[in-house]
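The structure file target18.cif is reproduced below (mmCIF, C-alpha atoms and all ligand atoms).
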data_target
#
loop_
_atom_site.label_atom_id
_atom_site.label_comp_id
_atom_site.auth_asym_id
_atom_site.auth_seq_id
_atom_site.Cartn_x
_atom_site.Cartn_y
_atom_site.Cartn_z
CA MET A 477 122.67 73.18 104.49
CA ARG A 478 125.13 75.65 102.97
CA ASP A 479 125.27 79.34 103.84
CA PHE A 480 125.25 82.27 101.41
CA GLU A 481 125.99 85.98 101.62
CA GLN A 482 123.39 88.75 101.58
CA GLY A 483 123.61 92.55 101.95
CA PRO A 484 121.57 94.77 104.28
CA ILE A 485 119.43 96.85 101.88
CA ARG A 486 116.69 96.41 99.31
CA PRO A 487 113.93 98.75 98.07
CA PRO A 488 110.49 98.43 99.77
CA SER A 489 109.05 97.05 96.52
CA GLU A 490 111.52 94.10 96.74
CA ALA A 491 110.31 92.90 100.16
CA GLY A 492 109.47 89.44 98.80
CA SER A 493 112.52 89.04 96.57
CA LEU A 494 115.43 86.65 96.81
CA LEU A 495 118.47 88.82 97.63
CA VAL A 496 121.60 87.89 95.67
CA ARG A 497 124.77 89.80 96.56
CA LEU A 498 127.06 90.66 93.62
CA SER A 499 129.01 93.57 95.08
CA ARG A 500 129.57 94.61 98.67
CA ASN A 501 128.57 98.00 100.04
CA CYS A 502 128.73 101.11 97.84
CA SER A 503 131.36 101.87 95.21
CA TRP A 504 130.88 105.63 95.86
CA ASN A 505 129.90 105.82 99.53
CA LYS A 506 130.24 109.61 99.78
CA CYS A 507 126.68 110.96 99.58
CA ALA A 508 126.32 113.35 102.52
CA PHE A 509 122.80 112.21 103.51
CA CYS A 510 123.43 108.44 103.35
CA PRO A 511 124.32 106.45 106.49
CA VAL A 512 124.04 103.00 104.95
CA TYR A 513 127.55 101.83 104.08
CA LYS A 514 129.69 104.46 105.81
CA GLY A 515 132.94 102.99 107.09
CA LYS A 516 132.56 99.86 104.97
CA LYS A 517 134.85 99.07 102.07
CA PRO A 518 133.32 98.38 98.65
CA SER A 519 134.28 95.26 96.72
CA ARG A 520 133.15 93.21 93.74
CA ARG A 521 132.39 89.58 94.48
CA LYS A 522 133.91 86.89 92.27
CA VAL A 523 131.54 85.24 89.79
CA ARG A 524 132.39 81.84 91.30
CA GLU A 525 131.33 82.99 94.79
CA VAL A 526 127.98 84.25 93.53
CA LEU A 527 127.36 81.05 91.56
CA ASP A 528 128.07 79.03 94.74
CA ASP A 529 125.54 81.22 96.60
CA LEU A 530 122.95 80.49 93.92
CA ASP A 531 123.51 76.74 94.40
CA ALA A 532 123.04 77.13 98.17
CA MET A 533 119.90 79.24 97.67
CA LYS A 534 118.49 76.65 95.30
CA GLU A 535 118.99 73.97 97.98
CA MET A 536 117.22 76.13 100.55
CA PHE A 537 114.41 77.70 98.54
CA GLY A 538 113.91 75.33 95.61
CA ASP A 539 111.79 76.89 92.88
CA ARG A 540 109.90 79.22 95.23
CA PRO A 541 111.60 82.58 94.43
CA GLN A 542 109.53 84.60 91.95
CA THR A 543 111.50 87.83 92.03
CA VAL A 544 115.21 88.47 92.58
CA PHE A 545 117.03 91.59 93.75
CA LEU A 546 120.75 91.94 92.98
CA GLN A 547 122.76 93.65 95.75
CA ASP A 548 124.38 95.85 97.06
CA ALA A 549 124.24 99.53 96.09
CA ASN A 550 125.67 99.24 92.59
CA PRO A 551 126.05 95.75 91.08
CA MET A 552 126.37 97.41 87.66
CA ILE A 553 129.98 98.03 88.72
CA LEU A 554 130.76 94.40 87.78
CA ARG A 555 132.31 93.77 84.37
CA PRO A 556 129.39 93.50 81.91
CA GLY A 557 130.42 89.95 80.89
CA ASP A 558 130.47 88.82 84.56
CA LEU A 559 127.11 90.41 85.19
CA VAL A 560 125.61 88.66 82.18
CA GLN A 561 127.00 85.31 83.37
CA ILE A 562 125.43 85.73 86.83
CA ILE A 563 122.07 86.94 85.52
CA ARG A 564 121.88 83.97 83.13
CA ALA A 565 122.73 81.64 86.02
CA VAL A 566 119.87 83.13 88.10
CA ARG A 567 117.49 82.56 85.19
CA ASP A 568 118.72 78.97 84.68
CA LYS A 569 118.64 78.07 88.35
CA PHE A 570 115.26 79.66 89.10
CA PRO A 571 113.18 79.32 85.92
CA GLY A 572 110.05 80.57 87.74
CA VAL A 573 111.58 84.00 88.37
CA GLN A 574 109.45 86.69 86.77
CA ARG A 575 111.61 89.73 87.48
CA ILE A 576 115.21 90.57 88.31
CA THR A 577 115.96 94.04 89.72
CA ALA A 578 119.07 95.94 90.82
CA TYR A 579 120.13 99.33 92.13
CA ALA A 580 122.38 101.28 89.78
CA ARG A 581 124.41 104.47 90.05
CA SER A 582 123.79 106.96 87.26
CA ARG A 583 127.50 107.51 86.76
CA THR A 584 128.11 103.82 86.15
CA LEU A 585 125.16 103.58 83.76
CA ALA A 586 126.31 106.67 81.84
CA ARG A 587 129.74 105.06 81.36
CA ARG A 588 128.36 101.78 80.00
CA THR A 589 127.95 101.54 76.20
CA MET A 590 124.47 100.99 74.76
CA GLN A 591 125.65 97.58 73.57
CA GLU A 592 126.69 96.59 77.12
CA LEU A 593 123.42 97.79 78.60
CA GLU A 594 121.36 95.97 75.98
CA MET A 595 123.38 92.79 76.59
CA ILE A 596 122.72 92.98 80.36
CA HIS A 597 119.02 93.61 79.82
CA GLU A 598 118.72 90.77 77.29
CA ALA A 599 120.43 88.39 79.75
CA GLY A 600 117.45 88.94 82.05
CA LEU A 601 117.92 92.03 84.26
CA ASP A 602 114.53 93.71 83.96
CA ARG A 603 114.36 96.65 86.33
CA LEU A 604 116.77 99.28 87.63
CA HIS A 605 116.34 101.50 90.70
CA VAL A 606 118.41 104.68 90.37
CA GLY A 607 118.97 107.18 93.16
CA LEU A 608 118.55 110.37 91.16
CA GLU A 609 117.77 112.25 94.42
CA SER A 610 117.96 115.58 92.56
CA GLY A 611 118.23 116.88 89.00
CA CYS A 612 119.83 120.11 90.20
CA ASP A 613 123.62 120.43 89.88
CA GLN A 614 123.89 122.71 92.92
CA VAL A 615 122.07 120.18 95.10
CA LEU A 616 124.07 117.25 93.70
CA ASP A 617 127.28 119.16 94.53
CA LEU A 618 125.99 120.14 97.98
CA VAL A 619 125.37 116.52 98.99
CA ASN A 620 128.41 115.15 97.15
CA LYS A 621 126.35 112.83 94.97
CA GLY A 622 129.31 112.35 92.63
CA VAL A 623 127.28 112.74 89.46
CA SER A 624 126.05 115.69 87.39
CA ARG A 625 122.54 116.48 86.17
CA ALA A 626 123.71 115.79 82.60
CA GLU A 627 125.04 112.34 83.60
CA GLN A 628 121.82 111.55 85.47
CA ILE A 629 119.79 112.37 82.36
CA GLU A 630 122.15 110.45 80.06
CA ALA A 631 122.06 107.42 82.38
CA GLY A 632 118.26 107.41 82.61
CA GLN A 633 117.77 107.81 78.88
CA LYS A 634 120.26 105.04 78.10
CA ALA A 635 118.62 102.68 80.61
CA LYS A 636 115.21 103.30 79.04
CA GLN A 637 116.58 102.92 75.53
CA ALA A 638 118.23 99.61 76.47
CA GLY A 639 114.80 98.32 77.54
CA PHE A 640 115.02 98.46 81.35
CA GLU A 641 112.01 99.34 83.46
CA LEU A 642 113.35 102.34 85.32
CA SER A 643 112.56 103.68 88.81
CA GLU A 644 114.09 107.02 89.80
CA TYR A 645 114.24 108.00 93.48
CA VAL A 646 113.72 111.66 94.38
CA MET A 647 114.44 113.24 97.77
CA PRO A 648 112.16 116.17 98.65
CA GLY A 649 114.04 118.58 100.90
CA LEU A 650 117.53 117.58 99.75
CA GLY A 651 118.46 121.15 98.77
CA GLY A 652 117.38 122.46 102.18
CA LYS A 653 115.65 125.83 102.45
CA GLU A 654 118.12 127.63 100.23
CA LEU A 655 117.87 125.41 97.16
CA SER A 656 114.33 124.14 97.64
CA GLU A 657 112.82 125.78 94.55
CA ARG A 658 115.78 125.03 92.27
CA HIS A 659 115.75 121.44 93.46
CA ALA A 660 112.04 121.06 92.68
CA VAL A 661 112.16 122.71 89.25
CA ASP A 662 115.42 121.14 88.01
CA THR A 663 114.49 117.67 89.29
CA ALA A 664 111.16 117.80 87.49
CA SER A 665 112.80 118.92 84.25
CA ALA A 666 115.44 116.16 84.50
CA LEU A 667 112.66 113.60 84.93
CA TYR A 668 110.82 115.14 81.99
CA ALA A 669 113.93 114.38 79.91
CA ILE A 670 114.26 110.82 81.26
CA ALA A 671 110.58 109.81 81.40
CA PRO A 672 111.18 106.91 83.82
CA ASP A 673 108.52 104.25 84.43
CA PHE A 674 108.39 105.12 88.14
CA ILE A 675 109.26 108.12 90.29
CA ARG A 676 109.57 107.24 93.96
CA LEU A 677 109.61 109.91 96.68
CA ARG A 678 111.73 109.61 99.81
CA THR A 679 111.78 112.73 101.99
CA THR A 680 115.19 113.83 103.26
CA ALA A 681 115.98 113.12 106.90
CA VAL A 682 119.14 114.49 108.48
CA ILE A 683 120.54 111.38 110.14
CA ALA A 684 122.95 111.65 113.06
CA GLY A 685 126.52 110.70 112.16
CA THR A 686 126.20 111.55 108.46
CA PRO A 687 128.12 114.36 106.74
CA LEU A 688 124.75 116.10 106.23
CA ALA A 689 124.23 116.24 110.00
CA GLU A 690 127.69 117.79 110.35
CA MET A 691 126.81 120.32 107.63
CA GLN A 692 123.64 121.16 109.55
CA ASP A 693 125.61 121.66 112.79
CA GLN A 694 127.93 124.03 110.92
CA ASP A 695 124.98 125.93 109.39
CA ARG A 696 125.96 124.82 105.89
CA PHE A 697 122.64 122.99 105.49
CA LYS A 698 119.31 124.35 106.71
CA ALA A 699 116.62 121.71 106.53
CA CYS A 700 113.30 122.60 104.91
CA THR A 701 110.39 123.17 107.24
CA GLU A 702 107.55 120.65 107.19
CA LEU A 703 105.36 123.20 105.38
CA GLY A 704 108.24 123.94 103.00
CA LEU A 705 108.44 120.25 102.10
CA ILE A 706 104.83 120.24 100.92
CA LYS A 707 105.29 123.49 98.99
CA GLU A 708 108.38 122.01 97.34
CA THR A 709 106.54 118.80 96.51
CA ARG A 710 103.75 120.79 94.87
CA LEU A 711 106.23 122.78 92.79
CA PHE A 712 107.97 119.55 91.79
CA LEU A 713 104.69 117.90 90.77
CA ASP A 714 103.68 120.98 88.80
CA GLY A 715 106.92 120.63 86.82
CA LEU A 716 105.96 117.10 85.79
CA GLN A 717 103.28 118.36 83.38
CA GLY A 718 103.45 116.22 80.25
CA VAL A 719 105.57 113.39 81.77
CA LYS A 720 104.20 109.90 81.32
CA THR A 721 105.16 107.98 84.44
CA ARG A 722 103.88 106.44 87.67
CA ILE A 723 104.61 108.33 90.87
CA GLU A 724 104.79 106.53 94.21
CA SER A 725 105.01 107.99 97.68
CA ASP A 726 106.00 104.73 99.34
CA HIS A 727 108.28 105.80 102.18
CA ILE A 728 107.21 106.44 105.77
CA LEU A 729 109.16 109.74 105.82
CA ASN A 730 106.81 111.28 103.24
CA LEU A 731 104.06 113.41 104.75
CA LEU A 732 101.55 112.89 101.95
CA MET A 733 101.43 109.18 101.27
CA GLU A 734 98.58 109.61 98.80
CA ILE A 735 100.84 111.30 96.23
CA ARG A 736 100.62 108.27 94.00
CA GLY A 737 99.12 107.78 90.60
CA ASP A 738 99.64 107.65 86.87
CA LEU A 739 100.77 110.82 85.16
CA PRO A 740 99.66 112.79 83.29
CA ARG A 741 96.12 111.57 84.10
CA ASP A 742 96.30 111.90 87.90
CA LEU A 743 98.43 115.04 88.12
CA PRO A 744 95.51 117.47 88.78
CA SER A 745 94.28 115.35 91.70
CA LEU A 746 97.80 115.06 93.17
CA LEU A 747 98.22 118.84 93.01
CA SER A 748 94.86 119.27 94.70
CA ILE A 749 95.97 116.94 97.56
CA CYS A 750 98.90 119.34 98.20
CA ASP A 751 96.50 122.31 98.00
CA GLN A 752 94.11 120.69 100.46
CA PHE A 753 96.93 120.56 102.98
CA LEU A 754 98.28 124.02 102.20
CA ASP A 755 94.79 125.53 102.56
CA LEU A 756 94.34 124.18 106.11
CA GLU A 757 94.70 126.57 109.03
CA ARG A 758 98.01 126.37 110.94
CA GLU A 759 96.65 124.34 113.85
CA LYS A 760 95.23 121.66 111.58
CA GLN A 761 98.39 121.50 109.48
CA TRP A 762 100.48 120.86 112.60
CA THR A 763 97.99 118.38 114.03
CA PHE A 764 98.21 116.36 110.82
CA ILE A 765 102.02 116.63 110.65
CA LEU A 766 102.44 115.49 114.26
CA ALA A 767 100.02 112.63 113.71
CA ARG A 768 101.97 111.54 110.59
CA ARG A 769 105.36 111.89 112.24
CA SER A 770 104.17 109.87 115.21
CA GLY A 771 103.10 107.13 112.85
CA TRP A 772 99.40 107.05 113.74
CA MET A 773 97.89 108.83 110.74
CA GLY A 774 98.20 107.17 107.35
CA SER A 775 96.76 109.76 105.01
CA LEU A 776 95.49 113.31 104.68
CA GLU A 777 92.18 111.94 103.42
CA HIS A 778 91.73 110.06 106.71
CA PHE A 779 92.71 113.14 108.70
CA LEU A 780 90.18 115.31 106.87
CA GLN A 781 87.26 113.14 107.99
CA ALA A 782 85.35 115.36 110.42
CA ASP A 783 85.21 112.89 113.31
CA VAL A 784 88.94 112.01 113.08
CA ASN A 785 89.73 115.69 112.94
CA ARG A 786 87.64 116.46 116.04
CA GLU A 787 89.19 113.59 118.01
CA LEU A 788 92.74 114.63 117.08
CA ALA A 789 92.07 118.27 117.91
CA ARG A 790 90.97 117.08 121.35
CA GLN A 791 94.11 114.98 121.88
CA VAL A 792 96.81 117.13 120.26
CA SER A 793 97.14 120.64 121.58
CA ILE A 794 99.72 122.88 119.99
CA SER A 795 98.54 126.13 121.51
CA GLY A 796 101.47 128.09 122.91
CA THR A 797 104.02 126.00 120.95
CA SER A 798 106.04 127.87 118.33
CA ASP A 799 106.72 126.64 114.81
CA GLU A 800 110.42 126.30 115.71
CA GLU A 801 109.61 124.04 118.66
CA LEU A 802 107.29 121.95 116.52
CA GLU A 803 109.94 121.66 113.79
CA GLU A 804 112.46 120.41 116.36
CA LEU A 805 109.98 117.87 117.68
CA CYS A 806 109.26 116.65 114.12
CA ALA A 807 112.99 116.36 113.34
CA ARG A 808 113.33 114.07 116.37
CA LEU A 809 110.26 112.06 115.37
CA ARG A 810 111.66 111.66 111.82
CA MET A 811 114.87 110.21 113.26
CA ARG A 812 112.85 107.40 114.84
CA MET A 813 111.54 106.43 111.44
CA VAL A 814 114.87 105.80 109.73
S1 LIG A 901 123.05 107.06 98.45
FE1 LIG A 901 123.59 105.29 97.22
S2 LIG A 901 125.37 106.00 96.00
FE2 LIG A 901 125.15 107.43 97.70
S3 LIG A 901 126.49 106.64 99.31
FE3 LIG A 901 124.43 105.81 99.72
S4 LIG A 901 124.41 103.83 98.72
FE4 LIG A 901 126.14 104.98 97.87
#
Turn this file's structure into structure tokens for me.
Amino acid sequence: MRDFEQGPIRPPSEAGSLLVRLSRNCSWNKCAFCPVYKGKKPSRRKVREVLDDLDAMKEMFGDRPQTVFLQDANPMILRPGDLVQIIRAVRDKFPGVQRITAYARSRTLARRTMQELEMIHEAGLDRLHVGLESGCDQVLDLVNKGVSRAEQIEAGQKAKQAGFELSEYVMPGLGGKELSERHAVDTASALYAIAPDFIRLRTTAVIAGTPLAEMQDQDRFKACTELGLIKETRLFLDGLQGVKTRIESDHILNLLMEIRGDLPRDLPSLLSICDQFLDLEREKQWTFILARRSGWMGSLEHFLQADVNRELARQVSISGTSDEELEELCARLRMRMV
């Protein structure tokens, strides 16, 4: 049986997908928060290599794959004609495939012509996942995202216009304490302009060894508090008034996993979930946060059940522990989750 090449990363929603590697690593690789491809050189794979992989995958999996994810961080970096050839080959080889998805950098999308994007979509690439992270220029500069707010909006609008189903990732906390409000407000307004099909939340974690961790050590980045993250999330949601989209809180680093629903219909209930948390007394807020960060509490709704609450209050005592100590403990717990 022949071997084939696959990359390390795919979105959670692509857990059951066949992973087909078109490019290696990340063509940018400079985002301060991102540990994934640091130290690894980016490269485009040759069309012939990818076609050979598809033959090997066909031998191994037959007609079983139903969804396909194109790797790594930015396969849109391939020449549009090459991309079209590979996507058509995936469709030919696996006729049962219902969806093909890829990550895409906004900058690359913004540089593609509408004709190129339409051609790629018509060949059979259905869905794009874009790491917007923030719609605020100051935050994008701070974390060296290598793209401006204007390019992010242009890229998103072009992707939608070309017919792609579009997911935009947002990182609560990415502006730290200093830029928290700007980050929330500008990100919401950028998404208002794009109107993606999905908004996916992934809370910022400062990961050891990344440039962001170095910035934190040098006091150039001050991470949001746990409470600040919820306040920021509420402000962000409030800015999504009038946007038609689906929001998903599908990452373990998010405190409020129940921030999910169809906007604008579900927006009032999502705001009230944030308010429920913010209205709790300090002890209960920290009990919930510690339970979430330790991985044994799935939702605020569960926590608010009287018996769960009583049992947790018995087991988790924070009396005599300062907010600063609890923040440090949570930062360490977050590190275990990434
Ligand atoms: S976040 Fe995405 S674009 Fe930025 S370095 Fe990581 S993989 Fe590359």
May I ask which of the residues A:Asp662, A:Asp568, A:Glu690, A:Asp738 is the closest one to Gly715 in chain A, counting all atoms listed in the file? A:Asp662
Quick one: residues within 8 Å of ligand LIG 901 (chain A), with all atoms listed in the file, as a ChimeraX atom specification? /A:501-514,549-550,581,607,621
Write out, as a PDB file, in the frame of the given file, the residues just selected, with C-alpha atoms.
ATOM      1  CA  ASN A 501     128.570  98.000 100.040  1.00  0.00           C
ATOM      2  CA  CYS A 502     128.730 101.110  97.840  1.00  0.00           C
ATOM      3  CA  SER A 503     131.360 101.870  95.210  1.00  0.00           C
ATOM      4  CA  TRP A 504     130.880 105.630  95.860  1.00  0.00           C
ATOM      5  CA  ASN A 505     129.900 105.820  99.530  1.00  0.00           C
ATOM      6  CA  LYS A 506     130.240 109.610  99.780  1.00  0.00           C
ATOM      7  CA  CYS A 507     126.680 110.960  99.580  1.00  0.00           C
ATOM      8  CA  ALA A 508     126.320 113.350 102.520  1.00  0.00           C
ATOM      9  CA  PHE A 509     122.800 112.210 103.510  1.00  0.00           C
ATOM     10  CA  CYS A 510     123.430 108.440 103.350  1.00  0.00           C
ATOM     11  CA  PRO A 511     124.320 106.450 106.490  1.00  0.00           C
ATOM     12  CA  VAL A 512     124.040 103.000 104.950  1.00  0.00           C
ATOM     13  CA  TYR A 513     127.550 101.830 104.080  1.00  0.00           C
ATOM     14  CA  LYS A 514     129.690 104.460 105.810  1.00  0.00           C
ATOM     15  CA  ALA A 549     124.240  99.530  96.090  1.00  0.00           C
ATOM     16  CA  ASN A 550     125.670  99.240  92.590  1.00  0.00           C
ATOM     17  CA  ARG A 581     124.410 104.470  90.050  1.00  0.00           C
ATOM     18  CA  GLY A 607     118.970 107.180  93.160  1.00  0.00           C
ATOM     19  CA  LYS A 621     126.350 112.830  94.970  1.00  0.00           C
TER      20      LYS A 621
END
Work out how far CA of Leu604 in chain A is from CA of Leu642 in chain A, in Å to one decimal.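 Taking CA of Leu642 in chain A and CA of Leu604 in chain A, their separation equals 5.1 Å.
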Find the residues near range 729-731 of chain A: any atom within 10 Å, counting all atoms listed in the file, skip ones fewer than 2 places away on the same chain, and give them as a ChimeraX atom specification. /A:647-648,677-681,702-703,705-706,725-727,733-735,764-769,771,773-776,809-811,813-814
For a quick check of your reading of the model, name the residues lying within 9 Å of the coordinate (125.4, 83.5, 102.6), counting only C-alpha atoms, and write them as a ChimeraX atom specification. /A:478-482,497,529,532-533
Give me the residues within 9 Å of Ser493 in chain A as a CSV table (one decimal) with C-alpha atoms, in the coordinates of the input, counting all atoms listed in the file and dropping any in the same chain fewer than 4 places off.
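Here's the written file out-v2.csv:
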chain,number,residue,atom,x,y,z
A,486,ARG,CA,116.7,96.4,99.3
A,489,SER,CA,109.0,97.0,96.5
A,541,PRO,CA,111.6,82.6,94.4
A,542,GLN,CA,109.5,84.6,92.0
A,543,THR,CA,111.5,87.8,92.0
A,544,VAL,CA,115.2,88.5,92.6
A,545,PHE,CA,117.0,91.6,93.8
A,576,ILE,CA,115.2,90.6,88.3
May I ask for the distance between CA of Gly572 in chain A and CA of Gly639 in chain A, given in Å to one decimal place? 21.0 Å
Work out how far CA of Tyr645 in chain A is from CA of Val523 in chain A, in Å to one decimal.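 Taking CA of Val523 in chain A as the start and CA of Tyr645 in chain A as the end point, the length is 28.8 Å.
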Give me the residues within 12 Å of range 749-762 of chain A as a VMD selection string, counting all atoms listed in the file and dropping any in the same chain fewer than 6 places off. chain A and resid 701 to 714 731 to 737 742 to 743 768 to 770 775 to 777 779 to 780 782 784 to 790 792 to 803 805 to 806
Rank nothing, just name the residue among A:Ile683, A:Arg658, A:Leu746, A:Arg696 nearest to Arg812 in chain A, using only C-alpha atoms.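 The answer is A:Ile683, which sits nearest to Arg812 in chain A.
Comparing the minimum interatomic distances between Leu601 in chain A and each of A:Ile723, A:Ile728, A:Val526, A:Ile562, counting all atoms listed in the file, we find that A:Ile562 sits nearest.
Using all atoms listed in the file for every distance, the candidate list A:Ala599, A:Val623, A:Leu559, A:Val615 yields A:Val623 as the residue closest to Ser582 in chain A.
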Starting from the incomplete input, reconstruct all heavy atoms of range 783-791 of chain A and write that as a PDB file, in the frame of the given file.
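Produced file out32.pdb, reproduced below:
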ATOM      1  N   ASP A 783      85.139 113.469 111.973  1.00  0.00           N
ATOM      2  CA  ASP A 783      85.210 112.890 113.310  1.00  0.00           C
ATOM      3  C   ASP A 783      86.663 112.655 113.736  1.00  0.00           C
ATOM      4  O   ASP A 783      87.039 112.881 114.888  1.00  0.00           O
ATOM      5  CB  ASP A 783      84.390 111.588 113.394  1.00  0.00           C
ATOM      6  CG  ASP A 783      84.703 110.636 112.271  1.00  0.00           C
ATOM      7  OD1 ASP A 783      85.259 111.093 111.252  1.00  0.00           O
ATOM      8  OD2 ASP A 783      84.422 109.439 112.412  1.00  0.00           O
ATOM      9  N   VAL A 784      87.521 112.230 112.764  1.00  0.00           N
ATOM     10  CA  VAL A 784      88.940 112.010 113.080  1.00  0.00           C
ATOM     11  C   VAL A 784      89.562 113.338 113.495  1.00  0.00           C
ATOM     12  O   VAL A 784      90.304 113.447 114.475  1.00  0.00           O
ATOM     13  CB  VAL A 784      89.679 111.439 111.839  1.00  0.00           C
ATOM     14  CG1 VAL A 784      91.168 111.297 112.128  1.00  0.00           C
ATOM     15  CG2 VAL A 784      89.091 110.106 111.429  1.00  0.00           C
ATOM     16  N   ASN A 785      89.217 114.354 112.715  1.00  0.00           N
ATOM     17  CA  ASN A 785      89.730 115.690 112.940  1.00  0.00           C
ATOM     18  C   ASN A 785      89.376 116.211 114.343  1.00  0.00           C
ATOM     19  O   ASN A 785      90.214 116.741 115.070  1.00  0.00           O
ATOM     20  CB  ASN A 785      89.047 116.583 111.892  1.00  0.00           C
ATOM     21  CG  ASN A 785      89.962 117.675 111.442  1.00  0.00           C
ATOM     22  OD1 ASN A 785      90.622 118.254 112.282  1.00  0.00           O
ATOM     23  ND2 ASN A 785      89.988 117.926 110.163  1.00  0.00           N
ATOM     24  N   ARG A 786      88.115 116.007 114.722  1.00  0.00           N
ATOM     25  CA  ARG A 786      87.640 116.460 116.040  1.00  0.00           C
ATOM     26  C   ARG A 786      88.396 115.742 117.158  1.00  0.00           C
ATOM     27  O   ARG A 786      88.860 116.340 118.107  1.00  0.00           O
ATOM     28  CB  ARG A 786      86.139 116.182 116.173  1.00  0.00           C
ATOM     29  CG  ARG A 786      85.263 117.434 115.977  1.00  0.00           C
ATOM     30  CD  ARG A 786      83.861 117.218 116.501  1.00  0.00           C
ATOM     31  NE  ARG A 786      83.250 115.997 116.034  1.00  0.00           N
ATOM     32  CZ  ARG A 786      82.593 115.861 114.880  1.00  0.00           C
ATOM     33  NH1 ARG A 786      82.485 116.895 114.062  1.00  0.00           N
ATOM     34  NH2 ARG A 786      82.057 114.713 114.518  1.00  0.00           N
ATOM     35  N   GLU A 787      88.542 114.408 116.987  1.00  0.00           N
ATOM     36  CA  GLU A 787      89.190 113.590 118.010  1.00  0.00           C
ATOM     37  C   GLU A 787      90.661 114.003 118.156  1.00  0.00           C
ATOM     38  O   GLU A 787      91.168 114.144 119.272  1.00  0.00           O
ATOM     39  CB  GLU A 787      89.069 112.102 117.603  1.00  0.00           C
ATOM     40  CG  GLU A 787      89.714 111.104 118.540  1.00  0.00           C
ATOM     41  CD  GLU A 787      89.142 111.146 119.959  1.00  0.00           C
ATOM     42  OE1 GLU A 787      88.060 111.733 120.159  1.00  0.00           O
ATOM     43  OE2 GLU A 787      89.824 110.628 120.865  1.00  0.00           O
ATOM     44  N   LEU A 788      91.328 114.242 117.024  1.00  0.00           N
ATOM     45  CA  LEU A 788      92.740 114.630 117.080  1.00  0.00           C
ATOM     46  C   LEU A 788      92.900 116.008 117.716  1.00  0.00           C
ATOM     47  O   LEU A 788      93.804 116.233 118.513  1.00  0.00           O
ATOM     48  CB  LEU A 788      93.341 114.649 115.673  1.00  0.00           C
ATOM     49  CG  LEU A 788      93.829 113.305 115.145  1.00  0.00           C
ATOM     50  CD1 LEU A 788      94.301 113.443 113.706  1.00  0.00           C
ATOM     51  CD2 LEU A 788      94.968 112.777 115.992  1.00  0.00           C
ATOM     52  N   ALA A 789      91.999 116.919 117.341  1.00  0.00           N
ATOM     53  CA  ALA A 789      92.070 118.270 117.910  1.00  0.00           C
ATOM     54  C   ALA A 789      91.950 118.216 119.419  1.00  0.00           C
ATOM     55  O   ALA A 789      92.562 118.999 120.152  1.00  0.00           O
ATOM     56  CB  ALA A 789      90.983 119.141 117.298  1.00  0.00           C
ATOM     57  N   ARG A 790      91.155 117.248 119.914  1.00  0.00           N
ATOM     58  CA  ARG A 790      90.970 117.080 121.350  1.00  0.00           C
ATOM     59  C   ARG A 790      92.268 116.569 122.002  1.00  0.00           C
ATOM     60  O   ARG A 790      92.645 116.989 123.083  1.00  0.00           O
ATOM     61  CB  ARG A 790      89.820 116.082 121.579  1.00  0.00           C
ATOM     62  CG  ARG A 790      89.163 116.141 122.948  1.00  0.00           C
ATOM     63  CD  ARG A 790      87.975 115.196 123.019  1.00  0.00           C
ATOM     64  NE  ARG A 790      88.304 113.795 122.757  1.00  0.00           N
ATOM     65  CZ  ARG A 790      88.928 112.985 123.609  1.00  0.00           C
ATOM     66  NH1 ARG A 790      89.320 113.428 124.773  1.00  0.00           N
ATOM     67  NH2 ARG A 790      89.185 111.725 123.288  1.00  0.00           N
ATOM     68  N   GLN A 791      92.942 115.645 121.283  1.00  0.00           N
ATOM     69  CA  GLN A 791      94.110 114.980 121.880  1.00  0.00           C
ATOM     70  C   GLN A 791      95.420 115.758 121.692  1.00  0.00           C
ATOM     71  O   GLN A 791      96.329 115.659 122.493  1.00  0.00           O
ATOM     72  CB  GLN A 791      94.288 113.593 121.254  1.00  0.00           C
ATOM     73  CG  GLN A 791      93.183 112.632 121.643  1.00  0.00           C
ATOM     74  CD  GLN A 791      93.436 111.253 121.052  1.00  0.00           C
ATOM     75  OE1 GLN A 791      94.550 110.887 120.786  1.00  0.00           O
ATOM     76  NE2 GLN A 791      92.388 110.499 120.854  1.00  0.00           N
TER      77      GLN A 791
END
